[in-house]
Structure formats: structure tokens, C-alpha cells
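Here the structure is laid out as C-alpha cells; the discussion comes afterwards.
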Number of protein chains: 4
Amino acid sequence: MRKRIGFVGLGIMGSGMAANLLRAGYVVKVFNRTRSKAEELAGAGALIAPTPAEAARGSDVVITMLADPPAVKDAVLGRNGVIEGLAAGAVLVDCSTVDPMTTAATLQAAAEKGARFLDAPVGGSKDAAAAGELLLMVGGDEKALDEVRDVLEVMSRKIIYAGPSGSGTMLKLCFNLMVSHVAAGLSEALVLGVKAGLPPQRIIDALMSGVLASRFIEWKGGCIVDRDFTTNFSIKLMHKDLNLLAGAGHSYDVPLPVTAAVKELFAMAKARGQEDEDFCSVIKVIEDFAGVDVKR
Amino acid sequence: MRKRIGFVGLGIMGSGMAANLLRAGYVVKVFNRTRSKAEELAGAGALIAPTPAEAARGSDVVITMLADPPAVKDAVLGRNGVIEGLAAGAVLVDCSTVDPMTTAATLQAAAEKGARFLDAPVGGSKDAAAAGELLLMVGGDEKALDEVRDVLEVMSRKIIYAGPSGSGTMLKLCFNLMVSHVAAGLSEALVLGVKAGLPPQRIIDALMSGVLASRFIEWKGGCIVDRDFTTNFSIKLMHKDLNLLAGAGHSYDVPLPVTAAVKELFAMAKARGQEDEDFCSVIKVIEDFAGVDVKR
Amino acid sequence: MRKRIGFVGLGIMGSGMAANLLRAGYVVKVFNRTRSKAEELAGAGALIAPTPAEAARGSDVVITMLADPPAVKDAVLGRNGVIEGLAAGAVLVDCSTVDPMTTAATLQAAAEKGARFLDAPVGGSKDAAAAGELLLMVGGDEKALDEVRDVLEVMSRKIIYAGPSGSGTMLKLCFNLMVSHVAAGLSEALVLGVKAGLPPQRIIDALMSGVLASRFIEWKGGCIVDRDFTTNFSIKLMHKDLNLLAGAGHSYDVPLPVTAAVKELFAMAKARGQEDEDFCSVIKVIEDFAGVDVKR
Amino acid sequence: MRKRIGFVGLGIMGSGMAANLLRAGYVVKVFNRTRSKAEELAGAGALIAPTPAEAARGSDVVITMLADPPAVKDAVLGRNGVIEGLAAGAVLVDCSTVDPMTTAATLQAAAEKGARFLDAPVGGSKDAAAAGELLLMVGGDEKALDEVRDVLEVMSRKIIYAGPSGSGTMLKLCFNLMVSHVAAGLSEALVLGVKAGLPPQRIIDALMSGVLASRFIEWKGGCIVDRDFTTNFSIKLMHKDLNLLAGAGHSYDVPLPVTAAVKELFAMAKARGQEDEDFCSVIKVIEDFAGVDVKR
């Protein structure tokens, strides 16, 4: 029999993910704080649950895709939250990116109900969510992952098993560490080059002609020279992840001298009021000091 | 009539470049300080010049591929150097990566002989030089570049015209800025992840499954987990380029806070005695503090 | 009538502080987790309380001097903790350096008992505590401070009122920020100078002959050249304060780029295993890279 | 017989220094590029020389106090420069702060004339120069220093012999390293504290009540809260010294991670257009990000 799915959190990412599950033929009971978002999916066959607990009740798999730790505490651990309705034997998959303490608390609450828990933060943006092409980085019991793999594959083009509970989140943080470094490096390279007289597209061309060539440099480099800072992932969220990384460096006793400098560059962008702009707008900090704009 | 070529500097890179020119049918007069290197190419048809000046004399194009500014000062600007033999109307192409002052001095010396000058540092390693697949970043008179493009295309898969004299060097420095940032970021991400319990290959897999995927991450990530620090580009040379970048930031009044942190990380690696190891061995600095090795 | 005092926490600092109160003629009821420490003070007239709650019961002023937030949570907010015995109208003075959340929780718990609360972290070491020459940085209700000023003056040579509740802690953190910067700067100046051939004492003499002259530079400079890293304030505690400062920078949206670099330098010292050494041993990180010892 | 003195460079510092020599009864022949400055001293008994060479001719001691390396190259090493007139056996004392290469060139030129050379950069500002209370950090032959000590003592309250030629300059750079760190730390501490609600004077009071208390913190702290950025030592000059320090770190293979962050903070201040303001105006960089002014 096909698995019954509960889905909590229908934001930019979550609504695309849930739509893919419905399209694949699963029975999906959805909950969203703003009910209208849930009703949009009703036309595609979604059942609407009045509370997270009801979305979870009777489901084999419960997927949550929430904004931040307080949202998880409320919709998962709180009154009428997912845990209240979670069945023994079910698998709870949290696709949110949260801190290790929230992950640990959810794991324990699920275990007390006899359920399994996977932390499974995603790589990819709105478009990838809509297209079912996310990257999933999964921590927790590998057998539980195998049981729900068919469901997760509907939403993703790649699933990486990272290790025990919490590992998915740590892997996601390492991923974002690299993204923040490349964004910072690209910013400094472009501003220096342009101030020295180079056309910015030549710098991007050179980078795209060597071993560093990546979709990121082409995509975000293009956004920068086109002055298109439409938010894909915000300065504020990147800064939060850099804070989680600083905390992880502290916990695991790993000095991170360059990440610390990257974090303060994002802190400068945030303090300037760019917190809701795309993270590649971090270049504006350097541009303003240098007195140049990196544009086509 | 086919252009006559002078080639000075037959090191790891230069010998591959000159061999390609011979293979393409050009008449090439070569000079190398250690004569045996030149003799190896004689079998392939190279004429051997006793001095750089003689390699230049009568040549339409003179290509130099030297280690550092002192080598350029000696073999190009010094007694019996290239400039002495350079014909009016010839084009001198310096493929070395040197500082802006050396580039400016060479430009002026060439102009005094009625010759043109291009700074054309290369991207790519020994293998790319041998295969004629270098990236050339060229600064100087664009008409001069057009005149010698057929010759340069024999050595490269891509030529990027960067702008006026000195621009090729600046573009190369921007390129290496990015390389150093990605190497530093990869180091911090891998050590943190591994100390937190993640298998390093999973981190590389995750990076290779997202927008950051690049040949660099696959290649150097693989070298790190295999503990293969065979020198492709040394810590010492990367540190020198980071010093040139710091100087450029100073000259052009562009604050480079993250590059400064990256530079000190490479300074730590150099101070520890890793100066001749590959630049990706910079990870050892973080590994030793953290007390973990990132290995397969 | 003289105020009755409860005192909780008789560590290196607390025992000196309590002894001064006894010497000044106050009736002091003391509690310490390790009872022997309390018994040492009994000879000087201290009454021994079996629990923190009993030390607080009937006291006009309760002073706590504890190691860290968990110790405060246990001995103040926990079962049989200070709050249980705290009288309405009494003043609770916490001389520990803890995070803002712990301070806020203590403030609220005291208020629920009708008591007042002051956060009053101290500047100064063991010797200053024994001599009654601490610096007190006090946050909270200024009228409550005036009421207990006679008691606090017995322990200190200077009391600075910082502002509303929590301000004492923030002021202490700003103080330690400066201490960590000066220690880091002194480390880099001494190692560079010595590697360049300067006798270290000449560098200290020069600093002591200019506007920067301070007891700190004379004292810690002397410790370094004498290789005396006896712990006055540990690497671990300084690193914790730098983490609290990073958190404060984040909360208040203040980029702290230099403090971030200082924090990673202390992280390196801690990761190397120096966590229990004096904070001025941070110089060893730079010394080891440079391959020199800064000694007389 | 009293020593005859040549003095070259009558700027803000030099004119006060020369005036003290005249007051002490020495015969002083002065040269300044702008002649009016020299004429001001003629009333006090100075002889006016038409060129630096003439100021040097016949003098036992020649003191130079010039702005930067180009000024030294011109007035000392150039045509009609000090070296041309320098007598065998004379002592040349350069009180300018210049780079090691300029110092080395001057040493060699003096030696070729049979003269001795001391690099003797000063600590202290205009007021200290006028009052004869400078700090002198001297490198070179110690016997030469002993011979001219009576002259130097007229200008200074303290003379520190640093070691062989060049050591005076290195000691001065170590001194300024510390000054830049303390200025940066004070900036971050004050902005964070003020944004968190502390009155800035309380922060300065706390610092002045502990081991860090120094004339610097009282003086520059006062300037900041009074918003008085009258230039005592400019952002531009501090940034130049930080560049010399970065170069020294590179030459001597000493990683300077915190100094690198301090340097970029000053680079930001310079890039914003504060280059001619006092170096303690570096606080404005952090203030602007934080959106607060640190004022009384």
C-alpha cells in the first residue's frame, strides 16, 4: 500500500515539495499556519489538516519544512504539534535547517512516541523544489531512510546519507560555509579587478575557463553584473548559518579564521540594512568602500 | 610567410609550450639558462640560441616564460637579454606572472626598441601546457594580440583579452585570489565536518551535487582525502600572489578583509615549512589545530 | 543595625571576598559546594549554611560568585537554591560573569520574590579579591546599589554603575574585549620584533615609555619574557568571553572584524591544548609558527 | 668644543626639535625646502643653509626629520643632498620613519663617505617635540650613539638603543603595531557597548580603573567621545605603517592574523576618505555600520 504522508509548512519551498508528492500519487495531508496556502493544494488532491498534530495522525511519513527553530518548536514540539499526532513506527523527516539543539529535542520527542526521526535539510532553491530536483542531506537511522527513500526521491535528484542524527544539518552547514566563502571571494575579486580597470565579465569569463568553473560563478556572477539581487537566499539567513558555524567551530574546537572574516563581511552587509537581499549582495560592502559598482 | 619565434624559459611549463609551437610547424629559436633543456627540443627542430638576445634577434614574436621578477629582469632587461635583440615591429609576449612594476619596465624597454609588448600570464598546469590547453589572460595593445593570435592559439584553448598593458597580470591575480579562497574554504569545511563526524567524501559529494560543483573541488578534494600533496602550484607561490594582491588592494584602495585572512592562513602554512608543497596542503594548518586528518 | 550577608561560592575569588566582609565585621552566612572551603572561613567567624537557600534566608544582601551559567542555574535558580530563601526586600548581587539570558532569568526570579537584583561582575584577580581592591561593574536598580554600597565597598576599590540590569555584564565584556586585543597585539608585536632581531625587553621598554604604558604591558610582558604562564585568567575563559562578545555583536548588529580575528587566535591556543594556561600564553601560537621563543 | 649640528627638515616635528638644540646652545645649520620655515629659526640663532649638502658640510652631527622615503631619497641621497656634504667621521641621524630599503641605502651612502649612520625614529607628537620629550628608538653602531647622546638627549626624555642598523625602525613599527591594535579594539569595544546601551564614558572609566589604564585610552577615548578628530597621526600614515608591518611579517615569516584584520579596518577608513583624519577616527567605520555615534 502506498505510504500516507503528512506535510507541515507550505512556504516557498514546502509548497513545491508537497505538490510533487501529490503529483506522484501519494495521499498527502497538509497543514500550513496560513490556511490559504493549504487550500491552493486542495485542488491537486491534498487533504487539509486543522493542526500539525492532525497532519501527523495516521501518517506513515511526516515531512516538515519550516523557517527556523522557533517555528519547529511551535509546529512540531508545541501544543497540537506534530509530535502529539505522531504514530509509533512512523518516520518524521525535518527538511528545515535548524540548530543542533532543536534537532536533538525533536529526535528525543519522536523517540518517546516510538517513531524515527531524520534531519534532512535541503540544498537548492524554489525552482529546484518545484522541479523535484533538490539535494537532500540526511542524518539519522539509515534503515529509516531506506524505508522512506521512495518518498524523498520524488522531491530530490540526489540524496546523501550523512551519518547519525544531526549529520544532515552539519553537512548542510559545511555546504553553506563553502557558498559563503565563494561569494565573499567573488566579491573581493570583482571589486579589485574592476577598480583596476578590468571589465567584470572578463573576470567571470576567466573564472569560467578554468578549474573553478561552476554554475554558481556563472549564475551569481551574472546577477552581480546585471545588478539583480532578487533574493534566492538572504543575507540574514546566510549570517545565521555563519553563526551556527561559529558555534560549531567552538563546540568542536576547530579554529575557523577565514570563516570568521567571511562572517563579519556578512555582518557588515546585514548592519547596512541588506538583510533581506540576496546573499550575493554582500559585494556592495566592498563596492561602497572602493567607490565602484561592478556592472556590465 | 610563417612567423619566426623566439622562446626564452624552458621550465616545466615553457618546454611544453615550445614543443607545441614546433609541432605546429613554426621555426622556433629557444634559450634556456640550463642548456640541456634546450637540447631536448633540438630533436624536435628547435634552433638553440646562446643568449636571450640571440633568441630574440630576427624573431617576429618572442615568448618568455620565466619564474619570477628577478628572472625577467635578468633574461629580458639585463645584459644579453631579450630587449637587446628585439627587432622594431616585433611582439614580445611575457607569459610569466610578475608584479606590475616589472611589467611596466618591460613595456617601456620594448617600446624604446619600437616593439610591442603583451603581458600574458597563463592559467593551467604542466599537463595543460603539454596539451596546448592553457588559458591565456592578455594585457596590452589589442592589435598586437590579433597579429600573434595564431601563435598563441597553438598553446592555449582560450585567450581572454583583459585590456591595456598590465591587465593580463591583474586578471591572473583575480583568478588566483578565487583559487586561494576556495582552497581555504574547502580546508575549513572539511576539517570542521570531519571533526563533527562526517566522512569527508560525503562533504565532497554534497559540494559536487550543488551549484558549487567544479573540477577544482573534485580534483583537490580528492587529493586531500588521498593525502596527495604533489605540488601543482606551491604554497610559496600562492603566498607571493596573495602579497601582490594585498599590494594591489593598497594601491587601488580596495579593502580586502577576507583575502587578508586567507593570506595569513597561507603564511601559517609557509611558516610551518610547507612552502614547497602544493597549495591545497594549507588544510594541514587547520587539521593540526583540530587534531584530525581529513582522509578517505 | 549592620546588614546580614549571605555568600554563595567560595572559589579563588569568592573566599577572598567573603573574608574581607568578615574582617569588616559583617555577619556572613556562607555556602560552598565543597564544604571544606566554607569551614576554612568558620574560624574567621563565618556561619555555615547547608544549602544556598539557607545562606539566603534572613539575609539583607546575598552575594554570589560562581563559575559559569550552569553553576548559577544550579545554586541560584535550582532546588534549594538562593531564590528559595531570598527575602522580600533583600538585594541579590551576582558577581559571576554570565550570559545575558542567565542574568535575565535571575532578575525575574528575584523579582517574583519581591527582591532586587544587581549584576556586578568583577575586574581583577585573586590578589585584588584578597586585598579588597576589585573593580565592580554594576547593572540594575541604582537605588538598590546605593543600599548595598557599604557592603560592596569592603570588597572593591572602585564601583562603576553601568546602567539597567545586564549592563554590568556588558561593561565587563567590553573590558575583556580590550584585554584580549592588547594580549593579541602584544603577542604579534613581540614575536615579529624578536624574529627581526630585537631584544624583547627593548620592545616592552619602548611601549612602557609611550602613551600606551600600562600595568598590563609591564606585568604580562614580564610574564612572557620570563616564560611564566601561571594562570591568572585562562585561555578557556577568555575564549568563552569572546564567544559571548561575538553573540553580542550579532544581537546588536555591530560588525566586530578585529575581535573575530582575536577570537580565532584564542581558538587556536585552546585547540592546541592551552585551555587552562594563562590567556597571555596565546603568544605561543604565533611563536610556534615563527619558530622563536620570546624570552629574556 | 661643542658639536656643530646640521638639521634638515623643519616640519611640525623638526622645527620643535631644532629649536631645542638652539636653546641648548648648539650651533645649528638648518635647511628646509620651504625657506620661510628656516627663517623663523634664524631669530633663535640658526644659520641657514641653501642646500642639504651645505647643512651637512662641516657638521659633526647631521639630523634629518623628513616625511617619507621619497623625501629622504631627495634630501639625503639626491643631488645637493646631505651625503654630498657629509664629513668623514660625522654621524648622520635619521629621525624619519622609513622603510628598511631606504634605511639600508642611507647606511651604505654614509659609509662610503666614512661617516656613521643611526636610524632613530621618534615616538611622540608635536607637543613632545616642542618640549624635548620625545622617545627615540635608535638602531646602528652603539659607539656612534654614545658620541651623539648629549645632542639627542636635548630632544628626548628617553633613548632606547634597539640594536644594529634598521633596528630603530623595526622597534618603531612594533610600537605602532600596538597603537593600531589598541585603537581598533577601543573602537569595537566602544561601539558595541554604546549600541548595547552603555554610556561611553563608563566604558572608558572602567578601562581606566584596571590594568589596561594608559594615557592613550584616556586621551584618545576623550577625543572620541568629544568627536575631536584633530590629526595627531593620520589614518594614511598608520595604514602605511601597517603595510610596512605586513611586509615585515612576510620577510620574517611571521603570520600576523590580527594585524591583518586591523590593517583592513584602517584600509576601510582610508577608502572612505578619512585618510587625513586622526587615526582614532577609524572608529567611524564601525559606527556607521552600527548606526550609532560614540559621543559624550
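Numbering starts fresh at 1 for the residues of each chain in the C-alpha cells, the chains themselves are lettered A, B, ... in the order given, and ligands are numbered from 1 as they appear.
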Practice item. Just the residues within 10 Å of Val91 (chain A), please, counting only C-alpha atoms, with nothing from its chain fewer than 3 positions along; format it as a list of chain:residue names. Key: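 That gives A:Ile5, A:Ser59, A:Asp60, A:Val61, A:Val62, A:Ile63, A:Leu86, A:Ala87, A:Ala88, A:Asp94, A:Ala110, A:Gly114, A:Ala115, A:Arg116, A:Phe117, A:Leu118, A:Ala144, A:Leu145, A:Glu147, A:Val148.
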Write to file, as a PDB file, in the first residue's frame, the residues of the selection just made, with N, CA, C and O atoms.
ATOM      1  N   ILE A   5       1.161  10.360   3.759  1.00  0.00           N
ATOM      2  CA  ILE A   5       2.132  11.394   4.104  1.00  0.00           C
ATOM      3  C   ILE A   5       1.470  12.582   4.785  1.00  0.00           C
ATOM      4  O   ILE A   5       0.401  13.043   4.356  1.00  0.00           O
ATOM      5  N   SER A  59      -0.331   9.117   9.650  1.00  0.00           N
ATOM      6  CA  SER A  59       0.615   9.168   8.522  1.00  0.00           C
ATOM      7  C   SER A  59       1.797   8.227   8.753  1.00  0.00           C
ATOM      8  O   SER A  59       2.267   8.081   9.889  1.00  0.00           O
ATOM      9  N   ASP A  60       2.287   7.638   7.672  1.00  0.00           N
ATOM     10  CA  ASP A  60       3.491   6.797   7.752  1.00  0.00           C
ATOM     11  C   ASP A  60       4.753   7.655   7.769  1.00  0.00           C
ATOM     12  O   ASP A  60       5.744   7.300   8.391  1.00  0.00           O
ATOM     13  N   VAL A  61       4.682   8.738   7.035  1.00  0.00           N
ATOM     14  CA  VAL A  61       5.812   9.653   6.936  1.00  0.00           C
ATOM     15  C   VAL A  61       5.298  11.064   7.175  1.00  0.00           C
ATOM     16  O   VAL A  61       4.272  11.449   6.608  1.00  0.00           O
ATOM     17  N   VAL A  62       5.999  11.817   8.022  1.00  0.00           N
ATOM     18  CA  VAL A  62       5.628  13.221   8.226  1.00  0.00           C
ATOM     19  C   VAL A  62       6.827  14.084   7.836  1.00  0.00           C
ATOM     20  O   VAL A  62       7.935  13.876   8.339  1.00  0.00           O
ATOM     21  N   ILE A  63       6.593  15.010   6.925  1.00  0.00           N
ATOM     22  CA  ILE A  63       7.664  15.887   6.454  1.00  0.00           C
ATOM     23  C   ILE A  63       7.392  17.304   6.940  1.00  0.00           C
ATOM     24  O   ILE A  63       6.277  17.809   6.797  1.00  0.00           O
ATOM     25  N   LEU A  86       1.930  11.945  16.162  1.00  0.00           N
ATOM     26  CA  LEU A  86       2.874  11.028  15.505  1.00  0.00           C
ATOM     27  C   LEU A  86       2.667   9.580  15.969  1.00  0.00           C
ATOM     28  O   LEU A  86       2.646   9.293  17.165  1.00  0.00           O
ATOM     29  N   ALA A  87       2.505   8.655  15.006  1.00  0.00           N
ATOM     30  CA  ALA A  87       2.265   7.248  15.329  1.00  0.00           C
ATOM     31  C   ALA A  87       3.563   6.515  15.637  1.00  0.00           C
ATOM     32  O   ALA A  87       4.613   6.853  15.085  1.00  0.00           O
ATOM     33  N   ALA A  88       3.477   5.516  16.514  1.00  0.00           N
ATOM     34  CA  ALA A  88       4.630   4.633  16.729  1.00  0.00           C
ATOM     35  C   ALA A  88       4.965   3.994  15.390  1.00  0.00           C
ATOM     36  O   ALA A  88       4.067   3.597  14.645  1.00  0.00           O
ATOM     37  N   ASP A  94      12.584  16.085   9.038  1.00  0.00           N
ATOM     38  CA  ASP A  94      12.597  17.550   9.119  1.00  0.00           C
ATOM     39  C   ASP A  94      13.538  18.111   8.060  1.00  0.00           C
ATOM     40  O   ASP A  94      14.754  17.941   8.146  1.00  0.00           O
ATOM     41  N   ALA A 110      10.412  12.446  19.253  1.00  0.00           N
ATOM     42  CA  ALA A 110       9.930  11.401  18.344  1.00  0.00           C
ATOM     43  C   ALA A 110      10.160  10.016  18.952  1.00  0.00           C
ATOM     44  O   ALA A 110       9.284   9.135  18.894  1.00  0.00           O
ATOM     45  N   GLY A 114       7.899   6.405  20.027  1.00  0.00           N
ATOM     46  CA  GLY A 114       8.203   5.184  19.285  1.00  0.00           C
ATOM     47  C   GLY A 114       8.384   5.409  17.797  1.00  0.00           C
ATOM     48  O   GLY A 114       8.324   4.474  16.993  1.00  0.00           O
ATOM     49  N   ALA A 115       8.621   6.670  17.407  1.00  0.00           N
ATOM     50  CA  ALA A 115       8.810   6.987  15.980  1.00  0.00           C
ATOM     51  C   ALA A 115      10.289   7.208  15.683  1.00  0.00           C
ATOM     52  O   ALA A 115      11.106   7.333  16.591  1.00  0.00           O
ATOM     53  N   ARG A 116      10.657   7.224  14.403  1.00  0.00           N
ATOM     54  CA  ARG A 116      12.027   7.511  13.989  1.00  0.00           C
ATOM     55  C   ARG A 116      12.117   8.957  13.493  1.00  0.00           C
ATOM     56  O   ARG A 116      11.093   9.543  13.129  1.00  0.00           O
ATOM     57  N   PHE A 117      13.324   9.495  13.473  1.00  0.00           N
ATOM     58  CA  PHE A 117      13.494  10.896  13.066  1.00  0.00           C
ATOM     59  C   PHE A 117      14.695  11.044  12.148  1.00  0.00           C
ATOM     60  O   PHE A 117      15.760  10.478  12.421  1.00  0.00           O
ATOM     61  N   LEU A 118      14.517  11.772  11.084  1.00  0.00           N
ATOM     62  CA  LEU A 118      15.626  12.106  10.177  1.00  0.00           C
ATOM     63  C   LEU A 118      15.740  13.625  10.043  1.00  0.00           C
ATOM     64  O   LEU A 118      14.729  14.304   9.837  1.00  0.00           O
ATOM     65  N   ALA A 144      15.718   3.794   8.551  1.00  0.00           N
ATOM     66  CA  ALA A 144      14.548   4.662   8.391  1.00  0.00           C
ATOM     67  C   ALA A 144      14.619   5.399   7.061  1.00  0.00           C
ATOM     68  O   ALA A 144      13.606   5.562   6.360  1.00  0.00           O
ATOM     69  N   LEU A 145      15.840   5.820   6.690  1.00  0.00           N
ATOM     70  CA  LEU A 145      15.996   6.488   5.398  1.00  0.00           C
ATOM     71  C   LEU A 145      15.593   5.553   4.258  1.00  0.00           C
ATOM     72  O   LEU A 145      14.859   5.940   3.348  1.00  0.00           O
ATOM     73  N   GLU A 147      13.517   3.162   4.302  1.00  0.00           N
ATOM     74  CA  GLU A 147      12.067   2.984   4.270  1.00  0.00           C
ATOM     75  C   GLU A 147      11.343   4.122   3.553  1.00  0.00           C
ATOM     76  O   GLU A 147      10.287   3.912   2.953  1.00  0.00           O
ATOM     77  N   VAL A 148      11.890   5.343   3.673  1.00  0.00           N
ATOM     78  CA  VAL A 148      11.171   6.492   3.107  1.00  0.00           C
ATOM     79  C   VAL A 148      11.839   7.024   1.841  1.00  0.00           C
ATOM     80  O   VAL A 148      11.437   8.057   1.303  1.00  0.00           O
TER      81      VAL A 148
END
Using only C-alpha atoms, what does the table of chain A residues within 8 Å of chain D look like, with each row giving the shortest atom pair and its distance in Å to one decimal, sorted by chain and ascending number, as a Markdown table?
| residue | atom | partner | partner_atom | distance |
| --- | --- | --- | --- | --- |
| A:Met268 | CA | D:Phe289 | CA | 6.2 |
| A:Ala271 | CA | D:Phe289 | CA | 5.5 |
| A:Arg272 | CA | D:Phe289 | CA | 5.7 |
| A:Phe289 | CA | D:Ala271 | CA | 5.5 |
| A:Ala290 | CA | D:Ala271 | CA | 6.1 |
Let's have the selection written as an mmCIF file, in the first residue's frame, with all heavy atoms.
data_model
loop_
_atom_site.group_PDB
_atom_site.id
_atom_site.type_symbol
_atom_site.label_atom_id
_atom_site.label_comp_id
_atom_site.auth_asym_id
_atom_site.auth_seq_id
_atom_site.Cartn_x
_atom_site.Cartn_y
_atom_site.Cartn_z
ATOM 1 N N MET A 268 28.525 43.002 8.196
ATOM 2 C CA MET A 268 28.535 44.378 7.686
ATOM 3 C C MET A 268 27.370 44.596 6.727
ATOM 4 O O MET A 268 26.682 45.617 6.786
ATOM 5 C CB MET A 268 29.867 44.671 6.992
ATOM 6 C CG MET A 268 31.048 44.785 7.956
ATOM 7 S SD MET A 268 32.626 45.057 7.072
ATOM 8 C CE MET A 268 33.759 45.091 8.483
ATOM 9 N N ALA A 271 24.215 44.758 8.780
ATOM 10 C CA ALA A 271 24.117 46.001 9.561
ATOM 11 C C ALA A 271 23.780 47.194 8.666
ATOM 12 O O ALA A 271 23.159 48.151 9.119
ATOM 13 C CB ALA A 271 25.431 46.253 10.310
ATOM 14 N N ARG A 272 24.177 47.125 7.387
ATOM 15 C CA ARG A 272 23.856 48.197 6.443
ATOM 16 C C ARG A 272 22.413 48.179 5.998
ATOM 17 O O ARG A 272 21.985 49.022 5.208
ATOM 18 C CB ARG A 272 24.702 48.032 5.178
ATOM 19 C CG ARG A 272 26.102 48.524 5.254
ATOM 20 C CD ARG A 272 26.916 47.906 4.121
ATOM 21 N NE ARG A 272 26.264 48.056 2.834
ATOM 22 C CZ ARG A 272 26.599 48.989 1.934
ATOM 23 N NH1 ARG A 272 27.587 49.812 2.180
ATOM 24 N NH2 ARG A 272 25.963 49.063 0.789
ATOM 25 N N PHE A 289 33.073 50.842 -0.201
ATOM 26 C CA PHE A 289 34.383 51.328 0.248
ATOM 27 C C PHE A 289 35.231 51.737 -0.956
ATOM 28 O O PHE A 289 35.905 52.761 -0.943
ATOM 29 C CB PHE A 289 35.128 50.253 1.042
ATOM 30 C CG PHE A 289 34.662 50.140 2.460
ATOM 31 C CD1 PHE A 289 34.095 48.977 2.946
ATOM 32 C CD2 PHE A 289 34.792 51.218 3.326
ATOM 33 C CE1 PHE A 289 33.665 48.879 4.255
ATOM 34 C CE2 PHE A 289 34.365 51.127 4.647
ATOM 35 C CZ PHE A 289 33.797 49.958 5.103
ATOM 36 N N ALA A 290 35.200 50.891 -1.994
ATOM 37 C CA ALA A 290 36.074 51.121 -3.147
ATOM 38 C C ALA A 290 35.533 52.221 -4.056
ATOM 39 O O ALA A 290 36.273 52.757 -4.887
ATOM 40 C CB ALA A 290 36.234 49.818 -3.933
#
Practice item. Write out as number ranges by chain each polymer residue whose atoms come within 12 Å of Asp127 (chain C), counting only C-alpha atoms; drop sequence neighbours fewer than 3 positions from it. Key: C: 12-17, 123-124, 130-134, 155-156, 232
Please produce a file of the residues just selected, as a CSV table (one decimal), in the first residue's frame, where the atoms kept are all heavy atoms.
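The resulting file, out_8.csv, is reproduced below:
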chain,number,residue,atom,x,y,z
C,12,ILE,N,38.4,30.7,44.3
C,12,ILE,CA,39.6,31.5,44.4
C,12,ILE,C,39.3,33.0,44.7
C,12,ILE,O,39.9,33.6,45.5
C,12,ILE,CB,40.4,31.5,43.0
C,12,ILE,CG1,41.1,30.1,42.9
C,12,ILE,CG2,41.5,32.6,43.0
C,12,ILE,CD1,41.9,30.0,41.6
C,13,MET,N,38.3,33.5,44.0
C,13,MET,CA,37.9,34.8,44.2
C,13,MET,C,36.9,35.0,45.4
C,13,MET,O,37.1,35.9,46.3
C,13,MET,CB,37.1,35.4,42.9
C,13,MET,CG,37.9,35.3,41.7
C,13,MET,SD,39.3,36.4,41.6
C,13,MET,CE,38.4,38.0,41.3
C,14,GLY,N,35.9,34.1,45.5
C,14,GLY,CA,34.9,34.3,46.5
C,14,GLY,C,35.4,34.2,47.9
C,14,GLY,O,35.0,34.9,48.8
C,15,SER,N,36.4,33.3,48.1
C,15,SER,CA,36.8,33.1,49.5
C,15,SER,C,37.5,34.4,50.0
C,15,SER,O,37.3,34.8,51.2
C,15,SER,CB,37.8,31.9,49.6
C,15,SER,OG,38.8,32.0,48.7
C,16,GLY,N,38.3,35.1,49.1
C,16,GLY,CA,38.9,36.3,49.5
C,16,GLY,C,37.9,37.4,49.8
C,16,GLY,O,38.0,38.2,50.7
C,17,MET,N,36.8,37.5,48.9
C,17,MET,CA,35.8,38.5,49.1
C,17,MET,C,35.0,38.3,50.4
C,17,MET,O,34.8,39.3,51.1
C,17,MET,CB,34.8,38.4,47.9
C,17,MET,CG,35.5,38.8,46.6
C,17,MET,SD,34.6,38.1,45.1
C,17,MET,CE,33.2,39.2,45.0
C,123,GLY,N,36.3,43.1,38.0
C,123,GLY,CA,37.6,43.1,37.3
C,123,GLY,C,38.7,43.0,38.4
C,123,GLY,O,38.6,43.5,39.5
C,124,GLY,N,39.7,42.2,38.0
C,124,GLY,CA,40.8,41.9,39.0
C,124,GLY,C,40.9,40.5,39.3
C,124,GLY,O,40.0,39.7,39.0
C,130,ALA,N,41.6,39.3,47.4
C,130,ALA,CA,42.1,39.1,48.8
C,130,ALA,C,42.3,40.5,49.4
C,130,ALA,O,42.1,40.7,50.6
C,130,ALA,CB,43.4,38.3,48.8
C,131,ALA,N,42.7,41.5,48.6
C,131,ALA,CA,43.1,42.8,49.2
C,131,ALA,C,41.9,43.7,49.2
C,131,ALA,O,42.0,44.9,49.7
C,131,ALA,CB,44.2,43.4,48.3
C,132,GLY,N,40.7,43.3,48.8
C,132,GLY,CA,39.5,44.1,48.7
C,132,GLY,C,39.7,45.3,47.7
C,132,GLY,O,39.2,46.4,47.9
C,133,GLU,N,40.4,45.0,46.6
C,133,GLU,CA,40.6,46.0,45.6
C,133,GLU,C,40.1,45.7,44.3
C,133,GLU,O,40.7,46.0,43.2
C,133,GLU,CB,42.2,46.2,45.5
C,133,GLU,CG,42.8,46.6,46.9
C,133,GLU,CD,43.9,47.5,46.7
C,133,GLU,OE1,44.6,47.5,45.7
C,133,GLU,OE2,44.0,48.4,47.6
C,134,LEU,N,39.0,45.0,44.2
C,134,LEU,CA,38.4,44.7,42.9
C,134,LEU,C,37.7,45.9,42.3
C,134,LEU,O,37.5,46.9,43.0
C,134,LEU,CB,37.3,43.6,43.2
C,134,LEU,CG,37.8,42.2,43.6
C,134,LEU,CD1,36.7,41.4,44.1
C,134,LEU,CD2,38.6,41.6,42.5
C,155,MET,N,34.7,45.2,49.4
C,155,MET,CA,35.4,44.2,48.5
C,155,MET,C,36.2,44.9,47.4
C,155,MET,O,36.9,44.3,46.7
C,155,MET,CB,34.4,43.3,47.9
C,155,MET,CG,33.5,42.6,49.0
C,155,MET,SD,32.4,41.3,48.3
C,155,MET,CE,31.4,42.3,47.2
C,156,SER,N,35.9,46.2,47.2
C,156,SER,CA,36.4,46.8,46.0
C,156,SER,C,37.0,48.2,46.2
C,156,SER,O,36.8,48.8,47.2
C,156,SER,CB,35.2,47.0,45.0
C,156,SER,OG,34.3,47.9,45.6
C,232,ASN,N,46.3,33.3,35.6
C,232,ASN,CA,45.5,34.3,36.3
C,232,ASN,C,44.1,34.4,35.7
C,232,ASN,O,43.1,34.5,36.5
C,232,ASN,CB,46.3,35.7,36.0
C,232,ASN,CG,45.6,36.8,36.6
C,232,ASN,OD1,44.8,37.5,36.0
C,232,ASN,ND2,45.8,37.0,37.9
Practice item. Please give the complete set of residues from region 116-273 of chain C that DSSP, run on the backbone, assigns to alpha helix (DSSP H), formatted as an MDAnalysis selection string. Key: chainID C and resid 126:131 142:155 167:195 200:208 215:225 235:252 257:269
**Study point:** Contacts of Val8 (chain B) at 12 Å (only C-alpha atoms; same-chain gap of 5+ positions) as an MDAnalysis selection string
**Key:** chainID B and resid 13:15 17:18 28:35 37:38 47:56 59 61:67 71:72 74:76 81:83 92:96
Practice item. Just the residues within 12 Å of Gly168 (chain B), please, counting only C-alpha atoms, with nothing from its chain fewer than 2 positions along; format it as a PyMOL selection string. Key: (chain A and resi 193+196-199+202-203+206) or (chain B and resi 93-100+103+117-123+135-142+145+159-166+170-175)
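Computed from the coordinates, the CA of Arg227 (chain C) to CA of Gln274 (chain C) distance equals 14.0 Å.
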Practice item. Report as number ranges by chain: the residues of region 57-296 of chain C with a DSSP assignment of strand (DSSP E or B), based on the backbone of this structure. Key: C: 61-64, 91-94, 116-119, 122-123, 134-140, 156-163, 234, 278
